[in-house]
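Q: Next up is a structure, given as structure tokens.
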Amino acid sequence: MKTAVVLNGPNLNLLGTREPAVYGSHTLADVQKLCADACAAQGFNLDFRQTNHEGVLVDWLQEAGRAQAEGTVVGVVLNAGAYTHTSVALHDAIKGTGLTLIELHISNVHAREPFRHHSYISPAARAVMAGFGVQGYPLAIAALASL
Ligand code: DQA
């Protein structure tokens, strides 16, 4: 059984209390449950993680890239949070590993402040999803199965 990797970046541990008008009231634990159910439906194992540290995300992307090359990982769903808009290191990690990666945002970043309109992740991602709320996570896992 292959593994779907779901990586969450900075401040996503605050889901539930963080700007609920933007991100809703679901917690990260709720999101993990949505992902677990979606993985069960697709016949995937789930590897679900969150960190506030950019370098840790780079390490995890490299780890997932090695596992994908070995055939144990189907791909990655990445919500890089604010690092989306700043991180050449994450761009390079995705390019360098050749990962099948879906960039995901809970909110519609294009309907928000201009500084959220640019993504360093998008040019390296296989697909981009934004604005589906936390339901974007299970949708992205289903999409990984069809990529
Ligand atoms: C986000 C959007 C980013 O602009 C923001 O910095 C986040 C969350 C989203 O899921 O909508 O932390 O990635």
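Each chain of the structure tokens is named A, B, ... in the order shown, its residues numbered from 1; ligands are numbered from 1 in display order.
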Write out as an MDAnalysis selection string which residues come within 9 Å of A:His110 when counting only C-alpha atoms, dropping same-chain ones fewer than 6 positions away.

A: chainID A and resid 116:118 130:131

Q: Create the file for the chosen residues now, containing C-alpha atoms and written as a PDB file, in the first residue's frame.

A:
ATOM      1  CA  ARG A 116      -0.429  36.163  -1.380  1.00  0.00           C
ATOM      2  CA  HIS A 117      -0.899  36.138  -5.173  1.00  0.00           C
ATOM      3  CA  HIS A 118       2.639  34.988  -5.938  1.00  0.00           C
ATOM      4  CA  ALA A 130      -7.074  26.925  -3.336  1.00  0.00           C
ATOM      5  CA  GLY A 131     -10.296  28.070  -1.774  1.00  0.00           C
TER       6      GLY A 131
END

Q: Select from chain A every residue with an atom at most 9 Å from any atom of ligand 1, then for each give the shortest pair of atoms and their distance in Å to one decimal, using only C-alpha atoms and all ligand atoms, rows by chain and rising number, as a Markdown table.

A:
| residue | atom | partner | partner_atom_place_in_ligand_line | distance |
| --- | --- | --- | --- | --- |
| A:Asn8 | CA | ligand 1 | 13 (O) | 8.6 |
| A:Gly9 | CA | ligand 1 | 12 (O) | 7.2 |
| A:Pro10 | CA | ligand 1 | 12 (O) | 6.2 |
| A:Asn11 | CA | ligand 1 | 12 (O) | 5.9 |
| A:Leu12 | CA | ligand 1 | 12 (O) | 6.2 |
| A:Val22 | CA | ligand 1 | 11 (O) | 7.8 |
| A:Tyr23 | CA | ligand 1 | 11 (O) | 6.8 |
| A:Leu78 | CA | ligand 1 | 13 (O) | 9.0 |
| A:Asn79 | CA | ligand 1 | 13 (O) | 5.4 |
| A:Ala80 | CA | ligand 1 | 13 (O) | 5.8 |
| A:Gly81 | CA | ligand 1 | 12 (O) | 3.3 |
| A:Ala82 | CA | ligand 1 | 6 (O) | 3.3 |
| A:Tyr83 | CA | ligand 1 | 6 (O) | 7.0 |
| A:Thr84 | CA | ligand 1 | 3 (C) | 6.9 |
| A:His85 | CA | ligand 1 | 4 (O) | 7.2 |
| A:Glu103 | CA | ligand 1 | 13 (O) | 8.9 |
| A:Leu104 | CA | ligand 1 | 10 (O) | 6.6 |
| A:His105 | CA | ligand 1 | 10 (O) | 3.5 |
| A:Ile106 | CA | ligand 1 | 10 (O) | 3.7 |
| A:Ser107 | CA | ligand 1 | 11 (O) | 3.6 |
| A:Asn108 | CA | ligand 1 | 11 (O) | 6.3 |
| A:Val109 | CA | ligand 1 | 4 (O) | 5.8 |
| A:Arg112 | CA | ligand 1 | 4 (O) | 8.2 |
| A:Glu113 | CA | ligand 1 | 4 (O) | 8.6 |
| A:Phe115 | CA | ligand 1 | 4 (O) | 8.2 |
| A:Arg116 | CA | ligand 1 | 4 (O) | 5.1 |
| A:His117 | CA | ligand 1 | 4 (O) | 8.2 |
| A:Ala130 | CA | ligand 1 | 11 (O) | 6.9 |
| A:Gly131 | CA | ligand 1 | 11 (O) | 7.1 |
| A:Gly133 | CA | ligand 1 | 11 (O) | 7.8 |
| A:Val134 | CA | ligand 1 | 10 (O) | 8.3 |

Q: Go through A:Ala67, A:Val58, A:Val73, A:Cys35 and flag the residue nearest A:Ser87, using only C-alpha atoms for the distances.

A: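 Of A:Ala67, A:Val58, A:Val73, A:Cys35, the one nearest A:Ser87 is A:Val58, counting only C-alpha atoms.
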
Q: Based on DSSP run over this structure's backbone, return all residues of chain A in strand (DSSP E), as a PyMOL selection string.

A: chain A and resi 3-8+45-50+73-79+101-105+127-130

Q: Take the selection from the previous step and output its residues with C-alpha atoms, as a compact mmCIF listing (two decimals), in the first residue's frame.

A:
# COMPACT_ATOMS: atom_id res chain seq x y z
CA THR A 3 1.56 6.40 1.30
CA ALA A 4 0.11 9.84 0.68
CA VAL A 5 2.18 12.50 2.44
CA VAL A 6 0.40 15.65 3.68
CA LEU A 7 2.73 18.42 4.84
CA ASN A 8 1.59 21.58 6.61
CA ASN A 45 -1.52 5.03 4.12
CA LEU A 46 -1.38 8.58 5.48
CA ASP A 47 1.74 10.42 6.64
CA PHE A 48 0.46 13.73 8.05
CA ARG A 49 2.82 16.36 9.48
CA GLN A 50 3.02 20.04 10.48
CA VAL A 73 4.99 7.22 -1.67
CA VAL A 74 2.33 8.23 -4.21
CA GLY A 75 2.89 11.97 -3.82
CA VAL A 76 2.65 14.97 -1.52
CA VAL A 77 -0.07 17.47 -0.66
CA LEU A 78 1.71 20.60 0.57
CA ASN A 79 0.15 23.55 2.35
CA LEU A 101 3.14 17.46 -5.46
CA ILE A 102 -0.17 19.27 -5.13
CA GLU A 103 0.04 22.79 -3.72
CA LEU A 104 -2.94 23.38 -1.48
CA HIS A 105 -4.42 26.42 0.26
CA ALA A 127 -1.32 20.99 -9.58
CA VAL A 128 -2.64 23.82 -7.41
CA MET A 129 -5.79 23.93 -5.28
CA ALA A 130 -7.07 26.93 -3.34

Q: Can you list, as a list in words, every protein, DNA or RNA residue that comes within 8 Å of A:Leu34 when you count only C-alpha atoms, leaving out same-chain residues fewer than 6 positions away?

A: Gln135, Tyr137 and Pro138 of chain A

Q: By how many Å are atom CA of A:Ala145 and atom CA of A:Arg126 apart?

A: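 It comes out at 13.0 Å.
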
Q: What is the atom CA of A:Ile121-atom CA of A:Gly98 distance in Å, reported with one decimal?

A: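 Straight-line distance from atom CA of A:Ile121 to atom CA of A:Gly98 works out to 12.9 Å.
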
Q: Please indicate the distance in Å from atom CA of A:Thr100 to atom CA of A:Thr27, rounded to one decimal place.

A: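 Going from atom CA of A:Thr100 over to atom CA of A:Thr27 covers 26.2 Å.
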
Q: In terms of the shortest atom-to-atom distance over only C-alpha atoms, which of A:Ala125, A:Lys95, A:Lys2, A:Ala21 is closest to A:Gln42?

A: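 Once distances to A:Gln42 are computed over only C-alpha atoms, the minimum belongs to A:Lys2.
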